[in-house]
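One structure is given below, encoded as C-alpha cells.
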Amino acid sequence: MAELTRVLVVDDHPIVRNGIAQMVNLAEGMTVVAEAATGLNAVQQFRDVQPDVTLMDLRMPDITGVEAIAAIRQDFPDARIAILTTYDTDEDIFLGLQAGAKGYLLKDTEIDDLIDAIRTIHAGKKYIPPAVGAKLAERMSLSSLSDREHEVIQLMAEGKTNQAISKQLHISESTIKFHISNIFVKLGVSDRTQAVLVAIKRGIAKV
C-alpha cells in the first residue's frame with residue numbers, strides 16, 4: 001500500500017481550516033497530520049511533524065504566511081509549501097513565491113484543483129494557475145520599489161503630507177520628493193492619488 005501524502009493545514013479561521021482539512025482527508029492518498037492557527041504555530045508544527053505538503057494562509061494574527069514560509073525554509077530548504085489565500089494582488093503573489101512557496105492558490109479554487117495542486121507540489125513541481133502566473137509576470141515586468149520607497153508609499157496611502165513623511169522618516173523633504181518621483185516612474189503614474197491607488201491594488205501599500 002502506497003504511503004499517504006501528509007499535509008499540514010494553516011489558517012487562522014477555524015471553520016475554514018476545518019473545512020480544508022476535511023476535504024484533504026477525503027481525498028485518496030492524503031491525510032492531514034497537523035493544523036495550525038498562527039504563523040508561529042505553523043513553524044512549530046512543521047518542525048514537529050515535517051509534512052510532505054503545507055497549505056499556508058497569508059494573513060494571520062502574529063507573523064504572516066510569507067514570514068512563516070521563510071522561517072520554515074531556513075531550517076528545511078526543501079519544504080513544499082503552497083499558499084492558500086483569499087488575496088491575489090501581484091505583490092502578495094511575488095512575495096509568497098519569492099519566500100519559497102511552490103504554489104499559489106485562492107480559496108475559491110475547486111476542490112479537485114486543490115487536490116491536484118497538493119499532488120503536483122508533493123511530486124516536486126510548482127503549481128501556478130494561469131491567472132496567478134499572469135499577475136506574477138506583470139509584477140516581474142515592473143521595477144521594484146526600494147525599501148525606503150515602500151515606506152514612503154505606505155505613508156502616502158495613510159494620507160500623510162511630504163512634511164509629515166519627512167518628520168517620521170527623519171529625512172529631508174527634498175529627499176521625500178525624490179523618492180516620490182521615483183515611485184511615480186516605477187508605478188507608471190503621474191500623481192499621488194494614482195500612485196496610492198496602484199500601490200493598494202498591487203498590495204504594495206495597505207489601508
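Letters A, B, ... go to the chains of the C-alpha cells in the order shown; residues in each chain start at 1; ligands are counted from 1 in the same order.
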Non-local contacts of A:Gly96 (12 Å; only C-alpha atoms; under 5 positions in same chain excluded) as a list in words =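 Everything that qualifies: Met56, Asp57, Leu58, Arg59, Thr64, Gly65, Val66, Glu67, Ala68, Ile69, Ala70, Ile81, Ala82, Ile83, Leu84, Thr85, Tyr87, Asp88, Thr89, Asp90, Glu91, Ala101, Lys102, Gly103, Tyr104, Leu105, Ile128, Val132 and Leu136 of chain A.
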With C-alpha atoms retained, write the just-selected residues as a compact mmCIF listing (two decimals), in the first residue's frame.
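Done, and the output landed in part_37.txt:
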```
# COMPACT_ATOMS: atom_id res chain seq x y z
CA MET A 56 -0.37 28.17 4.19
CA ASP A 57 -2.69 31.15 4.66
CA LEU A 58 -1.14 34.60 4.12
CA ARG A 59 -2.71 36.85 6.74
CA THR A 64 2.45 36.47 8.06
CA GLY A 65 2.38 33.39 5.88
CA VAL A 66 5.35 34.77 3.93
CA GLU A 67 7.35 35.14 7.16
CA ALA A 68 6.34 31.63 8.26
CA ILE A 69 7.45 30.19 4.91
CA ALA A 70 10.81 31.95 5.18
CA ILE A 81 4.54 24.78 0.75
CA ALA A 82 1.53 26.12 -1.15
CA ILE A 83 -0.11 29.43 -0.30
CA LEU A 84 -3.90 29.13 0.02
CA THR A 85 -5.42 32.57 0.44
CA TYR A 87 -5.59 37.60 -1.59
CA ASP A 88 -4.48 37.76 -5.21
CA THR A 89 -2.59 41.05 -5.51
CA ASP A 90 0.57 40.72 -7.55
CA GLU A 91 2.72 41.85 -4.61
CA ALA A 101 6.24 28.77 -1.87
CA LYS A 102 5.84 26.11 -4.56
CA GLY A 103 2.24 27.03 -5.35
CA TYR A 104 -0.29 29.84 -5.01
CA LEU A 105 -3.99 29.04 -4.76
CA ILE A 128 0.89 28.27 -10.53
CA VAL A 132 -1.73 33.88 -10.86
CA LEU A 136 3.29 37.43 -11.36
```
query = Out of stretch 22-168 of chain A, which residues get alpha helix (DSSP H) from DSSP, as JSON, numbers by chain?
reply = {"A": [22, 23, 24, 25, 26, 39, 40, 41, 42, 43, 44, 45, 46, 47, 48, 49, 65, 66, 67, 68, 69, 70, 71, 72, 73, 74, 75, 90, 91, 92, 93, 94, 95, 96, 97, 98, 99, 111, 112, 113, 114, 115, 116, 117, 118, 119, 120, 121, 122, 130, 131, 132, 133, 134, 135, 136, 137, 138, 139, 140, 141, 147, 148, 149, 150, 151, 152, 153, 154, 155, 156, 157, 162, 163, 164, 165, 166, 167, 168]}
Output for the residues just chosen: C-alpha atoms as a PDB file, in the first residue's frame:
```
ATOM      1  CA  GLN A  22     -11.892  17.569   5.848  1.00  0.00           C
ATOM      2  CA  MET A  23     -11.596  17.951   2.062  1.00  0.00           C
ATOM      3  CA  VAL A  24      -7.964  16.832   2.123  1.00  0.00           C
ATOM      4  CA  ASN A  25      -8.743  13.870   4.388  1.00  0.00           C
ATOM      5  CA  LEU A  26     -11.461  12.734   1.981  1.00  0.00           C
ATOM      6  CA  GLY A  39       2.234  31.626  11.627  1.00  0.00           C
ATOM      7  CA  LEU A  40       4.401  30.857  14.651  1.00  0.00           C
ATOM      8  CA  ASN A  41       2.373  27.742  15.397  1.00  0.00           C
ATOM      9  CA  ALA A  42       2.772  26.702  11.749  1.00  0.00           C
ATOM     10  CA  VAL A  43       6.562  26.900  12.057  1.00  0.00           C
ATOM     11  CA  GLN A  44       6.469  24.785  15.232  1.00  0.00           C
ATOM     12  CA  GLN A  45       4.037  22.245  13.780  1.00  0.00           C
ATOM     13  CA  PHE A  46       6.182  21.894  10.673  1.00  0.00           C
ATOM     14  CA  ARG A  47       9.238  21.151  12.833  1.00  0.00           C
ATOM     15  CA  ASP A  48       7.254  18.609  14.860  1.00  0.00           C
ATOM     16  CA  VAL A  49       5.577  16.638  12.047  1.00  0.00           C
ATOM     17  CA  GLY A  65       2.380  33.391   5.884  1.00  0.00           C
ATOM     18  CA  VAL A  66       5.347  34.767   3.933  1.00  0.00           C
ATOM     19  CA  GLU A  67       7.351  35.141   7.164  1.00  0.00           C
ATOM     20  CA  ALA A  68       6.343  31.634   8.258  1.00  0.00           C
ATOM     21  CA  ILE A  69       7.446  30.190   4.909  1.00  0.00           C
ATOM     22  CA  ALA A  70      10.806  31.950   5.180  1.00  0.00           C
ATOM     23  CA  ALA A  71      11.282  30.681   8.761  1.00  0.00           C
ATOM     24  CA  ILE A  72      10.411  27.096   7.794  1.00  0.00           C
ATOM     25  CA  ARG A  73      12.685  27.081   4.738  1.00  0.00           C
ATOM     26  CA  GLN A  74      15.585  28.383   6.790  1.00  0.00           C
ATOM     27  CA  ASP A  75      15.670  25.029   8.602  1.00  0.00           C
ATOM     28  CA  ASP A  90       0.571  40.721  -7.550  1.00  0.00           C
ATOM     29  CA  GLU A  91       2.725  41.849  -4.614  1.00  0.00           C
ATOM     30  CA  ASP A  92       1.331  39.068  -2.371  1.00  0.00           C
ATOM     31  CA  ILE A  93       1.967  36.532  -5.133  1.00  0.00           C
ATOM     32  CA  PHE A  94       5.501  37.826  -5.748  1.00  0.00           C
ATOM     33  CA  LEU A  95       6.468  37.874  -2.060  1.00  0.00           C
ATOM     34  CA  GLY A  96       4.980  34.430  -1.418  1.00  0.00           C
ATOM     35  CA  LEU A  97       6.814  32.767  -4.279  1.00  0.00           C
ATOM     36  CA  GLN A  98       9.977  34.723  -3.513  1.00  0.00           C
ATOM     37  CA  ALA A  99       9.868  33.307   0.035  1.00  0.00           C
ATOM     38  CA  ILE A 111     -11.517  21.066  -4.601  1.00  0.00           C
ATOM     39  CA  ASP A 112     -10.245  18.899  -7.487  1.00  0.00           C
ATOM     40  CA  ASP A 113      -7.741  21.637  -8.378  1.00  0.00           C
ATOM     41  CA  LEU A 114      -6.629  21.906  -4.739  1.00  0.00           C
ATOM     42  CA  ILE A 115      -6.005  18.158  -4.542  1.00  0.00           C
ATOM     43  CA  ASP A 116      -4.228  18.255  -7.909  1.00  0.00           C
ATOM     44  CA  ALA A 117      -2.034  21.096  -6.580  1.00  0.00           C
ATOM     45  CA  ILE A 118      -1.080  19.086  -3.488  1.00  0.00           C
ATOM     46  CA  ARG A 119      -0.127  16.091  -5.652  1.00  0.00           C
ATOM     47  CA  THR A 120       1.839  18.290  -8.074  1.00  0.00           C
ATOM     48  CA  ILE A 121       3.782  20.008  -5.289  1.00  0.00           C
ATOM     49  CA  HIS A 122       4.408  16.708  -3.493  1.00  0.00           C
ATOM     50  CA  PRO A 130      -2.649  30.833 -15.280  1.00  0.00           C
ATOM     51  CA  ALA A 131      -4.331  33.861 -13.651  1.00  0.00           C
ATOM     52  CA  VAL A 132      -1.731  33.883 -10.863  1.00  0.00           C
ATOM     53  CA  GLY A 133       1.075  33.443 -13.394  1.00  0.00           C
ATOM     54  CA  ALA A 134      -0.188  36.438 -15.384  1.00  0.00           C
ATOM     55  CA  LYS A 135      -0.175  38.659 -12.298  1.00  0.00           C
ATOM     56  CA  LEU A 136       3.287  37.434 -11.365  1.00  0.00           C
ATOM     57  CA  ALA A 137       4.572  38.218 -14.873  1.00  0.00           C
ATOM     58  CA  GLU A 138       3.082  41.712 -14.614  1.00  0.00           C
ATOM     59  CA  ARG A 139       4.769  42.228 -11.245  1.00  0.00           C
ATOM     60  CA  MET A 140       8.111  40.976 -12.556  1.00  0.00           C
ATOM     61  CA  SER A 141       7.950  43.374 -15.514  1.00  0.00           C
ATOM     62  CA  ASP A 147      12.652  49.597   0.982  1.00  0.00           C
ATOM     63  CA  ARG A 148      12.585  53.372   1.506  1.00  0.00           C
ATOM     64  CA  GLU A 149      10.131  53.837  -1.375  1.00  0.00           C
ATOM     65  CA  HIS A 150       7.895  51.182   0.222  1.00  0.00           C
ATOM     66  CA  GLU A 151       7.919  53.191   3.445  1.00  0.00           C
ATOM     67  CA  VAL A 152       7.092  56.420   1.593  1.00  0.00           C
ATOM     68  CA  ILE A 153       4.199  54.981  -0.447  1.00  0.00           C
ATOM     69  CA  GLN A 154       2.740  53.371   2.682  1.00  0.00           C
ATOM     70  CA  LEU A 155       2.760  56.728   4.484  1.00  0.00           C
ATOM     71  CA  MET A 156       1.270  58.378   1.387  1.00  0.00           C
ATOM     72  CA  ALA A 157      -1.525  55.779   1.484  1.00  0.00           C
ATOM     73  CA  ASN A 162       5.518  65.297   2.474  1.00  0.00           C
ATOM     74  CA  GLN A 163       6.321  67.282   5.602  1.00  0.00           C
ATOM     75  CA  ALA A 164       4.818  64.614   7.876  1.00  0.00           C
ATOM     76  CA  ILE A 165       6.617  61.819   5.995  1.00  0.00           C
ATOM     77  CA  SER A 166       9.868  63.781   6.263  1.00  0.00           C
ATOM     78  CA  LYS A 167       9.497  64.070  10.039  1.00  0.00           C
ATOM     79  CA  GLN A 168       8.537  60.433  10.527  1.00  0.00           C
TER      80      GLN A 168
END
```
Surrounding residues of A:Ser181 excluding itself and chain neighbours under 3 positions, 12 Å, only C-alpha atoms, as an mmCIF file with C-alpha atoms, in the first residue's frame:
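Output below, filename around-v3.cif:
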```cif
data_model
loop_
_atom_site.group_PDB
_atom_site.id
_atom_site.type_symbol
_atom_site.label_atom_id
_atom_site.label_comp_id
_atom_site.auth_asym_id
_atom_site.auth_seq_id
_atom_site.Cartn_x
_atom_site.Cartn_y
_atom_site.Cartn_z
ATOM 1 C CA LEU A 145 10.359 49.773 -5.184
ATOM 2 C CA GLU A 149 10.131 53.837 -1.375
ATOM 3 C CA VAL A 152 7.092 56.420 1.593
ATOM 4 C CA ILE A 153 4.199 54.981 -0.447
ATOM 5 C CA SER A 174 13.628 67.235 -0.915
ATOM 6 C CA THR A 175 14.654 63.594 -0.430
ATOM 7 C CA ILE A 176 10.983 62.642 0.043
ATOM 8 C CA LYS A 177 10.147 64.409 -3.237
ATOM 9 C CA PHE A 178 12.963 62.484 -4.929
ATOM 10 C CA PHE A 184 5.707 57.670 -9.961
ATOM 11 C CA VAL A 185 8.097 56.365 -12.627
ATOM 12 C CA LYS A 186 8.145 52.798 -11.288
ATOM 13 C CA LEU A 187 4.355 52.601 -10.906
ATOM 14 C CA GLY A 188 3.728 54.344 -14.242
ATOM 15 C CA VAL A 189 1.613 57.138 -12.742
ATOM 16 C CA SER A 190 1.699 60.946 -12.724
ATOM 17 C CA ASP A 191 0.225 61.991 -9.360
ATOM 18 C CA ARG A 192 -0.097 60.988 -5.708
ATOM 19 C CA ALA A 195 0.282 56.199 -7.049
#
```
query = When distances are computed from only C-alpha atoms, which of A:Gly100, A:Pro51, A:Gly159, A:Gly29 shows the smallest separation from A:Pro77?
reply =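 Of all the options, A:Gly100 lies closest to A:Pro77.
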request  = Measure the distance from atom CA of A:Met60 to atom CA of A:Gly203 in Å and round it to one decimal.
outcome  =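 Distance between the two atoms: 16.0 Å.
Restricting the calculation to only C-alpha atoms, the smallest distance between A:Thr5 and any of A:Ala34, A:Ala205, A:Ile183, A:Val53 is found for A:Val53.
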task = Apply DSSP to the structure's backbone, then extract all residues of stretch 51-173 of chain A labelled strand (DSSP E) and return them as a ChimeraX atom specification.
result = /A:53-56,81-85,103-106
Could you write out that same residue set with N, CA and C atoms as a compact mmCIF listing (two decimals), in the first residue's frame?
```
# COMPACT_ATOMS: atom_id res chain seq x y z
N VAL A 53 3.48 18.20 2.41
CA VAL A 53 2.99 19.44 1.80
C VAL A 53 2.29 20.29 2.86
N THR A 54 2.51 21.59 2.82
CA THR A 54 1.84 22.52 3.74
C THR A 54 0.97 23.48 2.94
N LEU A 55 -0.27 23.69 3.40
CA LEU A 55 -1.16 24.70 2.83
C LEU A 55 -1.14 25.89 3.78
N MET A 56 -0.65 27.03 3.32
CA MET A 56 -0.37 28.17 4.19
C MET A 56 -1.22 29.39 3.84
N ILE A 81 5.61 23.97 0.16
CA ILE A 81 4.54 24.78 0.75
C ILE A 81 3.74 25.46 -0.35
N ALA A 82 2.42 25.41 -0.23
CA ALA A 82 1.53 26.12 -1.15
C ALA A 82 0.76 27.18 -0.38
N ILE A 83 0.71 28.38 -0.90
CA ILE A 83 -0.11 29.43 -0.30
C ILE A 83 -1.55 29.20 -0.71
N LEU A 84 -2.46 29.25 0.27
CA LEU A 84 -3.90 29.13 0.02
C LEU A 84 -4.55 30.32 0.68
N THR A 85 -5.01 31.28 -0.11
CA THR A 85 -5.42 32.57 0.44
C THR A 85 -6.58 33.18 -0.33
N GLY A 103 3.52 26.86 -4.69
CA GLY A 103 2.24 27.03 -5.35
C GLY A 103 1.48 28.20 -4.75
N TYR A 104 0.50 28.70 -5.49
CA TYR A 104 -0.29 29.84 -5.01
C TYR A 104 -1.73 29.60 -5.45
N LEU A 105 -2.59 29.37 -4.46
CA LEU A 105 -3.99 29.04 -4.76
C LEU A 105 -4.92 29.99 -4.01
N LEU A 106 -6.05 30.29 -4.62
CA LEU A 106 -7.07 31.10 -3.96
C LEU A 106 -8.10 30.19 -3.32
```
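In this structure, atom CA of A:Leu4 sits 22.7 Å away from atom CA of A:Val16.
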key: Nearest to A:Asn182 by atom-to-atom distance, counting only C-alpha atoms, from A:Lys126, A:Ser146, A:Ala199, A:Val9   = A:Ser146
query = What gap, in Å, lies between atom CA of A:Glu3 and atom CA of A:Tyr127?
reply = 21.8 Å
